[in-house]
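Each remark here refers to the structure printed beneath this line.
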Amino acid sequence: MGEPRSIGIIGGAGWLGRAIAEAVVDAAMVRPEQLTLSYRSGRPEFLPDAVWTRDNQALADRSDIVIVSVRPQDFPAIDVAAEGKLVVSVMAGIPIDRLSRHFGTRRVVRTLPNAAAEVRKSYTPWVASDGVTEEDRDVVRRILEACGTADEIAKEADIDYLTG
């Protein structure tokens, strides 16, 4: 994959989605035009050159990487097919196997940045599914390091412990 051509953030108008979007632009991973951000009500004013949408499937269709940044209780309502795409979840409590089934992809990363992502000081542990490639890992690492520091961990069970 190398440099991602485009990143979509479902929940891009929320505080964490915004922090990630601004961080990847500031780190020059993507230009604002390469970002697609979804929102529920009232188009936000930040990153005016990004593509803004209420259609999460359209976001996934135009993105190489789909970041899911919604509250866990809102997750079941997200009806998006992301077959073959890299999906990165920042939701607490939704395991990789469920994310993989829901989005139709074997390339899933589960991660939990913290509020310090807004000031690029988050400590972010992350874990990848078996379908995630070395190129995917490199891109995920760079996205998360744009928000602070990040460590890949071996076991999904450790993610909640490390973020507590």
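As shown in the structure tokens, the chain order sets the letters A, B, ...; within each chain, residues go from 1, and ligands are also counted from 1 in the order they appear.
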request  = Could you find all residues in region 31-60 of chain A that DSSP calls strand (DSSP E or B) from the backbone, and write them as a VMD selection string?
outcome  = chain A and resid 35 to 38 51 to 53
key: Test item: residues at most 9 Å from Arg40 (chain A), only C-alpha atoms, excluding those fewer than 2 positions along its chain, as a PyMOL selection string   = chain A and resi 11+13+38+42-43+53-54
inquiry  = Given only C-alpha atoms as the basis, pick out the residue of A:Trp126, A:Phe46, A:Phe75, A:Phe103 nearest to Ala154 (chain A).
reply    = A:Trp126
task = Measure the distance from CA of Glu134 (chain A) to CA of Asp26 (chain A) in Å and round it to one decimal.
result =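 Computing the Euclidean distance for CA of Glu134 (chain A) and CA of Asp26 (chain A) yields 23.8 Å.
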As a CSV table (one decimal) with all heavy atoms, in the first residue's frame, please: every residue in region 59-109 of chain A that DSSP puts in helix (DSSP H, G or I).
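Dumped to selection-v1.csv:
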```csv
chain,number,residue,atom,x,y,z
A,59,LEU,N,-18.2,6.9,1.9
A,59,LEU,CA,-16.9,7.2,2.6
A,59,LEU,C,-16.1,5.9,2.4
A,59,LEU,O,-14.9,6.0,1.9
A,59,LEU,CB,-17.1,7.5,4.0
A,59,LEU,CG,-15.9,7.6,4.9
A,59,LEU,CD1,-16.2,8.6,6.0
A,59,LEU,CD2,-15.4,6.3,5.5
A,60,ALA,N,-16.6,4.8,2.7
A,60,ALA,CA,-15.8,3.5,2.5
A,60,ALA,C,-15.4,3.3,1.1
A,60,ALA,O,-14.3,2.9,0.8
A,60,ALA,CB,-16.6,2.3,3.1
A,61,ASP,N,-16.3,3.5,0.2
A,61,ASP,CA,-16.1,3.3,-1.2
A,61,ASP,C,-14.9,4.1,-1.8
A,61,ASP,O,-14.2,3.7,-2.6
A,61,ASP,CB,-17.3,3.5,-2.1
A,61,ASP,CG,-18.4,2.5,-1.9
A,61,ASP,OD1,-18.1,1.4,-1.3
A,61,ASP,OD2,-19.6,2.8,-2.2
A,72,PRO,N,-19.3,3.0,20.9
A,72,PRO,CA,-19.6,1.5,20.7
A,72,PRO,C,-21.1,1.2,20.6
A,72,PRO,O,-21.5,0.4,19.8
A,72,PRO,CB,-19.0,0.9,21.9
A,72,PRO,CG,-17.9,1.8,22.4
A,72,PRO,CD,-18.4,3.2,22.0
A,73,GLN,N,-21.9,2.0,21.3
A,73,GLN,CA,-23.4,1.7,21.2
A,73,GLN,C,-23.9,2.1,19.8
A,73,GLN,O,-25.0,1.7,19.4
A,73,GLN,CB,-24.1,2.4,22.3
A,73,GLN,CG,-24.0,3.9,22.3
A,73,GLN,CD,-22.9,4.4,23.2
A,73,GLN,OE1,-21.9,3.8,23.4
A,73,GLN,NE2,-23.2,5.6,23.8
A,74,ASP,N,-23.2,2.9,19.0
A,74,ASP,CA,-23.7,3.3,17.7
A,74,ASP,C,-23.2,2.4,16.6
A,74,ASP,O,-23.6,2.4,15.5
A,74,ASP,CB,-23.2,4.7,17.4
A,74,ASP,CG,-23.9,5.8,18.3
A,74,ASP,OD1,-25.0,5.5,18.8
A,74,ASP,OD2,-23.3,6.8,18.5
A,75,PHE,N,-22.2,1.5,17.0
A,75,PHE,CA,-21.6,0.6,16.0
A,75,PHE,C,-22.6,-0.3,15.2
A,75,PHE,O,-22.5,-0.4,14.0
A,75,PHE,CB,-20.6,-0.3,16.7
A,75,PHE,CG,-20.1,-1.4,15.9
A,75,PHE,CD1,-19.3,-1.2,14.7
A,75,PHE,CD2,-20.4,-2.7,16.3
A,75,PHE,CE1,-18.9,-2.3,14.0
A,75,PHE,CE2,-19.9,-3.8,15.5
A,75,PHE,CZ,-19.2,-3.6,14.4
A,76,PRO,N,-23.6,-0.9,15.9
A,76,PRO,CA,-24.5,-1.8,15.1
A,76,PRO,C,-25.2,-1.2,14.0
A,76,PRO,O,-25.6,-1.8,13.0
A,76,PRO,CB,-25.4,-2.4,16.2
A,76,PRO,CG,-24.7,-2.2,17.5
A,76,PRO,CD,-23.9,-1.0,17.3
A,77,ALA,N,-25.5,0.1,14.1
A,77,ALA,CA,-26.2,0.9,13.1
A,77,ALA,C,-25.4,1.2,11.9
A,77,ALA,O,-25.9,1.6,10.8
A,77,ALA,CB,-26.8,2.1,13.7
A,96,ILE,N,-12.1,-7.8,17.4
A,96,ILE,CA,-11.6,-7.9,16.0
A,96,ILE,C,-12.5,-8.8,15.2
A,96,ILE,O,-12.9,-8.5,14.1
A,96,ILE,CB,-10.2,-8.3,16.0
A,96,ILE,CG1,-9.3,-7.1,16.3
A,96,ILE,CG2,-9.8,-8.8,14.6
A,96,ILE,CD1,-7.8,-7.5,16.4
A,97,ASP,N,-12.9,-10.0,15.8
A,97,ASP,CA,-13.7,-10.9,15.0
A,97,ASP,C,-15.0,-10.4,14.6
A,97,ASP,O,-15.5,-10.5,13.5
A,97,ASP,CB,-13.8,-12.3,15.7
A,97,ASP,CG,-14.5,-12.2,17.0
A,97,ASP,OD1,-14.6,-11.2,17.6
A,97,ASP,OD2,-14.9,-13.3,17.5
A,98,ARG,N,-15.6,-9.6,15.5
A,98,ARG,CA,-16.9,-9.0,15.2
A,98,ARG,C,-16.8,-7.9,14.2
A,98,ARG,O,-17.6,-7.7,13.3
A,98,ARG,CB,-17.5,-8.4,16.5
A,98,ARG,CG,-18.9,-7.9,16.3
A,98,ARG,CD,-19.6,-7.5,17.6
A,98,ARG,NE,-20.8,-6.8,17.4
A,98,ARG,CZ,-21.4,-6.0,18.3
A,98,ARG,NH1,-20.9,-5.9,19.5
A,98,ARG,NH2,-22.5,-5.4,17.9
A,99,LEU,N,-15.7,-7.1,14.3
A,99,LEU,CA,-15.4,-6.0,13.3
A,99,LEU,C,-15.2,-6.6,12.0
A,99,LEU,O,-15.8,-6.1,11.0
A,99,LEU,CB,-14.2,-5.2,13.8
A,99,LEU,CG,-14.4,-4.4,15.0
A,99,LEU,CD1,-13.0,-4.0,15.5
A,99,LEU,CD2,-15.2,-3.1,14.7
A,100,SER,N,-14.5,-7.7,11.9
A,100,SER,CA,-14.2,-8.4,10.6
A,100,SER,C,-15.5,-8.9,9.9
A,100,SER,O,-15.7,-8.6,8.7
A,100,SER,CB,-13.2,-9.5,10.9
A,100,SER,OG,-12.9,-10.2,9.7
A,101,ARG,N,-16.3,-9.5,10.7
A,101,ARG,CA,-17.6,-10.0,10.2
A,101,ARG,C,-18.5,-8.8,9.7
A,101,ARG,O,-19.1,-8.9,8.6
A,101,ARG,CB,-18.4,-10.8,11.2
A,101,ARG,CG,-17.8,-12.2,11.4
A,101,ARG,CD,-18.8,-13.1,12.2
A,101,ARG,NE,-19.2,-12.5,13.4
A,101,ARG,CZ,-18.5,-12.5,14.6
A,101,ARG,NH1,-17.4,-13.1,14.7
A,101,ARG,NH2,-19.1,-12.0,15.7
A,102,HIS,N,-18.6,-7.8,10.5
A,102,HIS,CA,-19.5,-6.7,10.3
A,102,HIS,C,-19.1,-5.9,9.0
A,102,HIS,O,-19.9,-5.6,8.2
A,102,HIS,CB,-19.5,-5.7,11.5
A,102,HIS,CG,-20.5,-4.7,11.4
A,102,HIS,ND1,-21.8,-4.8,11.9
A,102,HIS,CD2,-20.4,-3.4,10.9
A,102,HIS,CE1,-22.5,-3.7,11.7
A,102,HIS,NE2,-21.7,-2.8,11.1
A,103,PHE,N,-17.8,-5.7,8.8
A,103,PHE,CA,-17.3,-4.9,7.7
A,103,PHE,C,-16.9,-5.8,6.5
A,103,PHE,O,-16.6,-5.2,5.4
A,103,PHE,CB,-16.2,-4.0,8.1
A,103,PHE,CG,-16.6,-2.9,9.0
A,103,PHE,CD1,-16.3,-2.9,10.3
A,103,PHE,CD2,-17.4,-1.9,8.5
A,103,PHE,CE1,-16.7,-1.9,11.2
A,103,PHE,CE2,-17.8,-0.9,9.4
A,103,PHE,CZ,-17.5,-0.9,10.7
```
task = Fewer than 3 positions away in the same chain doesn't count, so skip those; otherwise give me all residues within 6 Å of region 110-125 of chain A, counting only C-alpha atoms, as a PyMOL selection string.
result = chain A and resi 19+88-90+147-152
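Separating CA of Gln34 (chain A) from CA of Ser6 (chain A) is a distance of 4.6 Å.
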ask   = Which value, in Å to one decimal, gives the distance between CA of Ala27 (chain A) and CA of Pro95 (chain A)?
value =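 Rounded to one decimal, the two atoms are 28.7 Å apart.
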